[in-house]
$ cat final-v2.txt   # compact mmCIF, N, CA and C atoms
# COMPACT_ATOMS: atom_id res chain seq x y z
N MET Y 1 -202.11 19.47 -45.20
CA MET Y 1 -202.32 18.97 -43.86
C MET Y 1 -201.27 19.54 -42.93
N ILE Y 2 -201.54 19.44 -41.65
CA ILE Y 2 -200.66 19.99 -40.63
C ILE Y 2 -199.87 18.84 -40.00
N ASN Y 3 -198.61 19.06 -39.78
CA ASN Y 3 -197.79 18.11 -39.07
C ASN Y 3 -197.88 18.42 -37.59
N TYR Y 4 -198.61 17.61 -36.83
CA TYR Y 4 -198.84 17.87 -35.42
C TYR Y 4 -197.58 17.64 -34.58
N ASP Y 5 -196.59 16.96 -35.14
CA ASP Y 5 -195.35 16.73 -34.39
C ASP Y 5 -194.57 18.01 -34.19
N ASP Y 6 -194.80 19.03 -35.01
CA ASP Y 6 -194.07 20.29 -34.92
C ASP Y 6 -194.69 21.26 -33.91
N HIS Y 7 -195.85 20.92 -33.33
CA HIS Y 7 -196.58 21.85 -32.47
C HIS Y 7 -196.82 21.22 -31.10
N ASP Y 8 -196.66 22.04 -30.06
CA ASP Y 8 -196.86 21.55 -28.69
C ASP Y 8 -198.29 21.69 -28.20
N THR Y 9 -199.07 22.56 -28.82
CA THR Y 9 -200.41 22.83 -28.33
C THR Y 9 -201.46 22.35 -29.33
N ASN Y 10 -202.71 22.33 -28.87
CA ASN Y 10 -203.80 21.97 -29.76
C ASN Y 10 -203.96 23.02 -30.84
N MET Y 11 -204.31 22.57 -32.00
CA MET Y 11 -204.46 23.50 -33.12
C MET Y 11 -205.88 23.42 -33.63
N ILE Y 12 -206.35 24.51 -34.16
CA ILE Y 12 -207.66 24.56 -34.79
C ILE Y 12 -207.42 24.70 -36.29
N THR Y 13 -207.95 23.78 -37.05
CA THR Y 13 -207.76 23.77 -38.49
C THR Y 13 -209.11 23.64 -39.16
N ARG Y 14 -209.32 24.38 -40.19
CA ARG Y 14 -210.54 24.27 -40.96
C ARG Y 14 -210.21 23.61 -42.29
N VAL Y 15 -210.99 22.59 -42.63
CA VAL Y 15 -210.81 21.90 -43.89
C VAL Y 15 -212.15 21.76 -44.57
N THR Y 16 -212.12 21.59 -45.87
CA THR Y 16 -213.35 21.37 -46.61
C THR Y 16 -213.78 19.92 -46.44
N VAL Y 17 -215.01 19.64 -46.81
CA VAL Y 17 -215.52 18.27 -46.72
C VAL Y 17 -214.70 17.35 -47.63
N THR Y 18 -214.31 17.84 -48.79
CA THR Y 18 -213.50 17.05 -49.71
C THR Y 18 -212.16 16.68 -49.07
N GLU Y 19 -211.51 17.67 -48.43
CA GLU Y 19 -210.25 17.40 -47.74
C GLU Y 19 -210.46 16.41 -46.59
N PHE Y 20 -211.58 16.58 -45.87
CA PHE Y 20 -211.86 15.67 -44.77
C PHE Y 20 -211.99 14.24 -45.27
N ARG Y 21 -212.70 14.05 -46.34
CA ARG Y 21 -212.85 12.70 -46.89
C ARG Y 21 -211.50 12.14 -47.35
N LYS Y 22 -210.70 13.00 -47.95
CA LYS Y 22 -209.40 12.57 -48.46
C LYS Y 22 -208.47 12.12 -47.33
N TYR Y 23 -208.49 12.82 -46.21
CA TYR Y 23 -207.57 12.55 -45.10
C TYR Y 23 -208.25 11.87 -43.91
N LEU Y 24 -209.37 11.20 -44.14
CA LEU Y 24 -210.12 10.58 -43.05
C LEU Y 24 -209.26 9.62 -42.23
N ALA Y 25 -208.41 8.84 -42.88
CA ALA Y 25 -207.54 7.90 -42.15
C ALA Y 25 -206.62 8.64 -41.18
N ARG Y 26 -206.15 9.81 -41.55
CA ARG Y 26 -205.29 10.60 -40.65
C ARG Y 26 -206.07 11.10 -39.45
N TYR Y 27 -207.31 11.55 -39.67
CA TYR Y 27 -208.12 12.02 -38.55
C TYR Y 27 -208.42 10.89 -37.59
N ILE Y 28 -208.71 9.71 -38.12
CA ILE Y 28 -208.97 8.56 -37.26
C ILE Y 28 -207.73 8.23 -36.45
N ALA Y 29 -206.56 8.25 -37.07
CA ALA Y 29 -205.32 7.99 -36.35
C ALA Y 29 -205.06 9.04 -35.28
N THR Y 30 -205.48 10.28 -35.52
CA THR Y 30 -205.28 11.36 -34.56
C THR Y 30 -206.04 11.11 -33.27
N VAL Y 31 -207.25 10.57 -33.37
CA VAL Y 31 -208.09 10.40 -32.18
C VAL Y 31 -208.05 9.00 -31.59
N ARG Y 32 -207.37 8.07 -32.22
CA ARG Y 32 -207.43 6.66 -31.84
C ARG Y 32 -207.13 6.41 -30.37
N TYR Y 33 -206.16 7.07 -29.79
CA TYR Y 33 -205.75 6.76 -28.43
C TYR Y 33 -206.19 7.80 -27.41
N GLY Y 34 -207.17 8.60 -27.73
CA GLY Y 34 -207.73 9.52 -26.76
C GLY Y 34 -206.93 10.78 -26.52
N SER Y 35 -205.95 11.05 -27.36
CA SER Y 35 -205.13 12.24 -27.14
C SER Y 35 -205.71 13.48 -27.81
N ASP Y 36 -206.65 13.31 -28.71
CA ASP Y 36 -207.19 14.45 -29.44
C ASP Y 36 -208.59 14.11 -29.92
N TYR Y 37 -209.28 15.09 -30.47
CA TYR Y 37 -210.59 14.86 -31.06
C TYR Y 37 -210.72 15.74 -32.29
N VAL Y 38 -211.71 15.43 -33.12
CA VAL Y 38 -211.97 16.21 -34.32
C VAL Y 38 -213.41 16.68 -34.25
N CYS Y 39 -213.62 17.97 -34.41
CA CYS Y 39 -214.97 18.56 -34.43
C CYS Y 39 -215.32 18.85 -35.88
N ILE Y 40 -216.45 18.34 -36.32
CA ILE Y 40 -216.90 18.51 -37.71
C ILE Y 40 -218.11 19.42 -37.70
N ARG Y 41 -218.00 20.54 -38.38
CA ARG Y 41 -219.12 21.48 -38.51
C ARG Y 41 -219.45 21.63 -39.99
N ARG Y 42 -220.73 21.69 -40.27
CA ARG Y 42 -221.12 21.80 -41.66
C ARG Y 42 -222.33 22.71 -41.81
N LYS Y 43 -222.14 23.80 -42.48
CA LYS Y 43 -223.21 24.72 -42.87
C LYS Y 43 -224.15 25.07 -41.74
N GLY Y 44 -223.61 25.43 -40.58
CA GLY Y 44 -224.43 25.90 -39.47
C GLY Y 44 -225.17 24.83 -38.71
N GLN Y 45 -224.97 23.57 -39.03
CA GLN Y 45 -225.63 22.49 -38.31
C GLN Y 45 -224.87 22.20 -37.01
N ASP Y 46 -225.49 21.43 -36.12
CA ASP Y 46 -224.82 21.05 -34.88
C ASP Y 46 -223.53 20.32 -35.19
N PRO Y 47 -222.49 20.58 -34.41
CA PRO Y 47 -221.21 19.89 -34.66
C PRO Y 47 -221.29 18.40 -34.33
N VAL Y 48 -220.45 17.65 -35.00
CA VAL Y 48 -220.30 16.22 -34.77
C VAL Y 48 -218.85 16.00 -34.38
N TYR Y 49 -218.60 15.13 -33.40
CA TYR Y 49 -217.24 14.92 -32.91
C TYR Y 49 -216.78 13.51 -33.23
N LEU Y 50 -215.54 13.42 -33.66
CA LEU Y 50 -214.87 12.15 -33.86
C LEU Y 50 -213.94 11.99 -32.66
N ILE Y 51 -214.23 10.97 -31.80
CA ILE Y 51 -213.45 10.77 -30.58
C ILE Y 51 -213.03 9.31 -30.49
N SER Y 52 -212.11 9.02 -29.59
CA SER Y 52 -211.63 7.65 -29.42
C SER Y 52 -212.61 6.83 -28.58
N GLN Y 53 -212.43 5.52 -28.62
CA GLN Y 53 -213.24 4.63 -27.79
C GLN Y 53 -212.98 4.90 -26.32
N ALA Y 54 -211.73 5.21 -25.96
CA ALA Y 54 -211.39 5.51 -24.56
C ALA Y 54 -212.16 6.73 -24.07
N ASP Y 55 -212.24 7.77 -24.91
CA ASP Y 55 -213.00 8.96 -24.53
C ASP Y 55 -214.50 8.66 -24.44
N MET Y 56 -215.01 7.84 -25.35
CA MET Y 56 -216.43 7.50 -25.33
C MET Y 56 -216.76 6.68 -24.09
N ASP Y 57 -215.87 5.76 -23.70
CA ASP Y 57 -216.08 5.00 -22.47
C ASP Y 57 -216.13 5.91 -21.25
N LEU Y 58 -215.26 6.92 -21.24
CA LEU Y 58 -215.25 7.88 -20.13
C LEU Y 58 -216.55 8.69 -20.10
N ILE Y 59 -217.04 9.09 -21.24
CA ILE Y 59 -218.31 9.82 -21.31
C ILE Y 59 -219.45 8.95 -20.79
N TRP Y 60 -219.51 7.70 -21.21
CA TRP Y 60 -220.56 6.80 -20.74
C TRP Y 60 -220.48 6.58 -19.24
N GLU Y 61 -219.26 6.42 -18.73
CA GLU Y 61 -219.08 6.22 -17.29
C GLU Y 61 -219.57 7.44 -16.49
N ARG Y 62 -219.23 8.64 -16.95
CA ARG Y 62 -219.68 9.86 -16.27
C ARG Y 62 -221.18 10.03 -16.36
N ARG Y 63 -221.76 9.69 -17.51
CA ARG Y 63 -223.21 9.77 -17.67
C ARG Y 63 -223.90 8.82 -16.70
N ASP Y 64 -223.37 7.60 -16.59
CA ASP Y 64 -223.94 6.64 -15.64
C ASP Y 64 -223.78 7.11 -14.20
N ASP Y 65 -222.66 7.77 -13.89
CA ASP Y 65 -222.49 8.34 -12.55
C ASP Y 65 -223.60 9.33 -12.24
N LEU Y 66 -223.96 10.16 -13.21
CA LEU Y 66 -225.02 11.15 -13.00
C LEU Y 66 -226.40 10.51 -12.95
N GLU Y 67 -226.64 9.52 -13.81
CA GLU Y 67 -227.95 8.91 -13.89
C GLU Y 67 -228.22 7.93 -12.74
N VAL Y 68 -227.29 7.02 -12.49
CA VAL Y 68 -227.54 5.91 -11.59
C VAL Y 68 -226.70 6.00 -10.31
N GLY Y 69 -225.77 6.92 -10.25
CA GLY Y 69 -224.94 7.09 -9.07
C GLY Y 69 -223.56 6.50 -9.26
N PRO Y 70 -222.62 6.99 -8.49
CA PRO Y 70 -221.25 6.48 -8.59
C PRO Y 70 -221.15 5.04 -8.08
N ARG Y 71 -220.10 4.37 -8.51
CA ARG Y 71 -219.88 2.99 -8.07
C ARG Y 71 -219.38 2.97 -6.63
N ASN Y 72 -219.82 1.97 -5.87
CA ASN Y 72 -219.30 1.79 -4.51
C ASN Y 72 -218.07 0.89 -4.56
N GLU Y 73 -217.54 0.50 -3.40
CA GLU Y 73 -216.32 -0.31 -3.37
C GLU Y 73 -216.50 -1.69 -3.99
N ASP Y 74 -217.75 -2.16 -4.10
CA ASP Y 74 -218.03 -3.45 -4.74
C ASP Y 74 -218.21 -3.32 -6.24
N GLY Y 75 -218.19 -2.10 -6.76
CA GLY Y 75 -218.38 -1.87 -8.19
C GLY Y 75 -219.82 -1.74 -8.61
N GLN Y 76 -220.74 -1.74 -7.66
CA GLN Y 76 -222.17 -1.60 -7.95
C GLN Y 76 -222.59 -0.14 -7.84
N ARG Y 77 -223.62 0.20 -8.56
CA ARG Y 77 -224.16 1.56 -8.50
C ARG Y 77 -225.34 1.60 -7.53
N SER Y 78 -225.50 2.73 -6.85
CA SER Y 78 -226.52 2.85 -5.80
C SER Y 78 -227.92 3.10 -6.35
N GLY Y 79 -228.04 3.62 -7.54
CA GLY Y 79 -229.35 3.97 -8.08
C GLY Y 79 -229.79 5.36 -7.69
N ASN Y 80 -228.95 6.09 -6.97
CA ASN Y 80 -229.29 7.44 -6.51
C ASN Y 80 -228.40 8.48 -7.18
N GLY Y 81 -228.40 8.46 -8.50
CA GLY Y 81 -227.62 9.46 -9.22
C GLY Y 81 -228.27 10.83 -9.14
N LEU Y 82 -227.49 11.85 -9.39
CA LEU Y 82 -227.96 13.23 -9.29
C LEU Y 82 -229.16 13.47 -10.20
N MET Y 83 -229.11 13.01 -11.43
CA MET Y 83 -230.23 13.23 -12.35
C MET Y 83 -231.47 12.46 -11.92
N ASN Y 84 -231.29 11.27 -11.40
CA ASN Y 84 -232.41 10.47 -10.91
C ASN Y 84 -233.08 11.16 -9.73
N LEU Y 85 -232.27 11.65 -8.80
CA LEU Y 85 -232.81 12.35 -7.64
C LEU Y 85 -233.51 13.64 -8.05
N TRP Y 86 -232.95 14.36 -9.00
CA TRP Y 86 -233.55 15.61 -9.48
C TRP Y 86 -234.90 15.34 -10.12
N ARG Y 87 -235.03 14.26 -10.90
CA ARG Y 87 -236.32 13.92 -11.50
C ARG Y 87 -237.34 13.60 -10.41
N ASP Y 88 -236.91 12.92 -9.35
CA ASP Y 88 -237.83 12.62 -8.24
C ASP Y 88 -238.33 13.88 -7.58
N VAL Y 89 -237.44 14.85 -7.39
CA VAL Y 89 -237.83 16.12 -6.76
C VAL Y 89 -238.83 16.86 -7.65
N LEU Y 90 -238.56 16.92 -8.93
CA LEU Y 90 -239.45 17.64 -9.83
C LEU Y 90 -240.80 16.93 -10.00
N SER Y 91 -240.81 15.61 -9.97
CA SER Y 91 -242.07 14.89 -10.13
C SER Y 91 -242.94 14.95 -8.89
N SER Y 92 -242.33 15.22 -7.72
CA SER Y 92 -243.12 15.29 -6.49
C SER Y 92 -243.81 16.63 -6.31
N ARG Y 93 -243.54 17.58 -7.16
CA ARG Y 93 -244.17 18.91 -7.03
C ARG Y 93 -245.53 18.94 -7.58
$ encode --input "final-v2.txt" --output "structure tokens"
Amino acid sequence: MINYDDHDTNMITRVTVTEFRKYLARYIATVRYGSDYVCIRRKGQDPVYLISQADMDLIWERRDDLEVGPRNEDGQRSGNGLMNLWRDVLSSR
């Protein structure tokens, strides 16, 4: 395993599935507070990411901004998100 305390930058490390299973608790600790993520690739399939709850909340918030629109000063969404408006334009053709 790599000691991340010795490095200032993000590192790319390749491990086998067996190593991943063995050190799963370390990977979870790495991503717990949103400072890092783990990308899992297996035999040419689409990658899977292990991310923190804070990062997932941010992804959901941004997705909702696109779908339903950004929040106003009252914390409500307008319903006029970019993706919603784009679907309306395409459906009117």
$ atom_distance --input "final-v2.txt" --atom1 "atom C of Ile40 of chain Y" --atom2 "atom C of Ser52 of chain Y"
16.5 Å
$ atom_distance --input "final-v2.txt" --atom1 "atom CA of Gly69 of chain Y" --atom2 "atom CA of Ser92 of chain Y"
20.1 Å
$ closest_residue --input "final-v2.txt" --among "Y:Asn72, Y:Asp64, Y:Ile28, Y:Gly79" --to "Ile51 of chain Y" --atoms "all atoms listed in the file"
Y:Ile28
$ residues_around --input "final-v2.txt" --residues "Ser35 of chain Y" --least-positions-apart "2" --cutoff "8 Å" --atoms "only N, CA and C atoms" --output "ChimeraX atom specification"
/Y:30-33,37,51-52,55
$ write_last_selection --input "final-v2.txt" --atoms "N, CA and C atoms" --output "PDB file, keeping the file's coordinate frame"
ATOM      1  N   THR Y  30    -205.480  10.280 -35.520  1.00  0.00           N
ATOM      2  CA  THR Y  30    -205.280  11.360 -34.560  1.00  0.00           C
ATOM      3  C   THR Y  30    -206.040  11.110 -33.270  1.00  0.00           C
ATOM      4  N   VAL Y  31    -207.250  10.570 -33.370  1.00  0.00           N
ATOM      5  CA  VAL Y  31    -208.090  10.400 -32.180  1.00  0.00           C
ATOM      6  C   VAL Y  31    -208.050   9.000 -31.590  1.00  0.00           C
ATOM      7  N   ARG Y  32    -207.370   8.070 -32.220  1.00  0.00           N
ATOM      8  CA  ARG Y  32    -207.430   6.660 -31.840  1.00  0.00           C
ATOM      9  C   ARG Y  32    -207.130   6.410 -30.370  1.00  0.00           C
ATOM     10  N   TYR Y  33    -206.160   7.070 -29.790  1.00  0.00           N
ATOM     11  CA  TYR Y  33    -205.750   6.760 -28.430  1.00  0.00           C
ATOM     12  C   TYR Y  33    -206.190   7.800 -27.410  1.00  0.00           C
ATOM     13  N   TYR Y  37    -209.280  15.090 -30.470  1.00  0.00           N
ATOM     14  CA  TYR Y  37    -210.590  14.860 -31.060  1.00  0.00           C
ATOM     15  C   TYR Y  37    -210.720  15.740 -32.290  1.00  0.00           C
ATOM     16  N   ILE Y  51    -214.230  10.970 -31.800  1.00  0.00           N
ATOM     17  CA  ILE Y  51    -213.450  10.770 -30.580  1.00  0.00           C
ATOM     18  C   ILE Y  51    -213.030   9.310 -30.490  1.00  0.00           C
ATOM     19  N   SER Y  52    -212.110   9.020 -29.590  1.00  0.00           N
ATOM     20  CA  SER Y  52    -211.630   7.650 -29.420  1.00  0.00           C
ATOM     21  C   SER Y  52    -212.610   6.830 -28.580  1.00  0.00           C
ATOM     22  N   ASP Y  55    -212.240   7.770 -24.910  1.00  0.00           N
ATOM     23  CA  ASP Y  55    -213.000   8.960 -24.530  1.00  0.00           C
ATOM     24  C   ASP Y  55    -214.500   8.660 -24.440  1.00  0.00           C
TER      25      ASP Y  55
END
$ closest_residue --input "final-v2.txt" --among "Y:Ser91, Y:Gln53, Y:Asn80, Y:Thr16" --to "Val68 of chain Y" --atoms "only N, CA and C atoms"
Y:Asn80
$ residues_around --input "final-v2.txt" --residues "Val38 of chain Y" --least-positions-apart "6" --cutoff "6 Å" --atoms "only N, CA and C atoms" --output "VMD selection string"
chain Y and resid 48 to 51
$ select_by_dssp --input "final-v2.txt" --residues "chain Y" --states "helix (DSSP H, G or I)" --output "number ranges by chain"
Y: 4-6, 17-22, 24-31, 53-68, 82-91
$ select_by_dssp --input "final-v2.txt" --residues "chain Y" --states "strand (DSSP E)" --output "PyMOL selection string"
chain Y and resi 38-40+48-50
$ closest_residue --input "final-v2.txt" --among "Y:Leu24, Y:Gln45, Y:Leu58, Y:Asp65" --to "Leu82 of chain Y" --atoms "only C-alpha atoms"
Y:Asp65
$ residues_around --input "final-v2.txt" --residues "Leu66 of chain Y" --least-positions-apart "4" --cutoff "6 Å" --atoms "only N, CA and C atoms" --output "compact mmCIF listing (two decimals) with N, CA and C atoms, keeping the file's coordinate frame"
# COMPACT_ATOMS: atom_id res chain seq x y z
N ARG Y 62 -219.23 8.64 -16.95
CA ARG Y 62 -219.68 9.86 -16.27
C ARG Y 62 -221.18 10.03 -16.36
N PRO Y 70 -222.62 6.99 -8.49
CA PRO Y 70 -221.25 6.48 -8.59
C PRO Y 70 -221.15 5.04 -8.08
N GLY Y 81 -228.40 8.46 -8.50
CA GLY Y 81 -227.62 9.46 -9.22
C GLY Y 81 -228.27 10.83 -9.14
N LEU Y 82 -227.49 11.85 -9.39
CA LEU Y 82 -227.96 13.23 -9.29
C LEU Y 82 -229.16 13.47 -10.20
N MET Y 83 -229.11 13.01 -11.43
CA MET Y 83 -230.23 13.23 -12.35
C MET Y 83 -231.47 12.46 -11.92
N ASN Y 84 -231.29 11.27 -11.40
CA ASN Y 84 -232.41 10.47 -10.91
C ASN Y 84 -233.08 11.16 -9.73
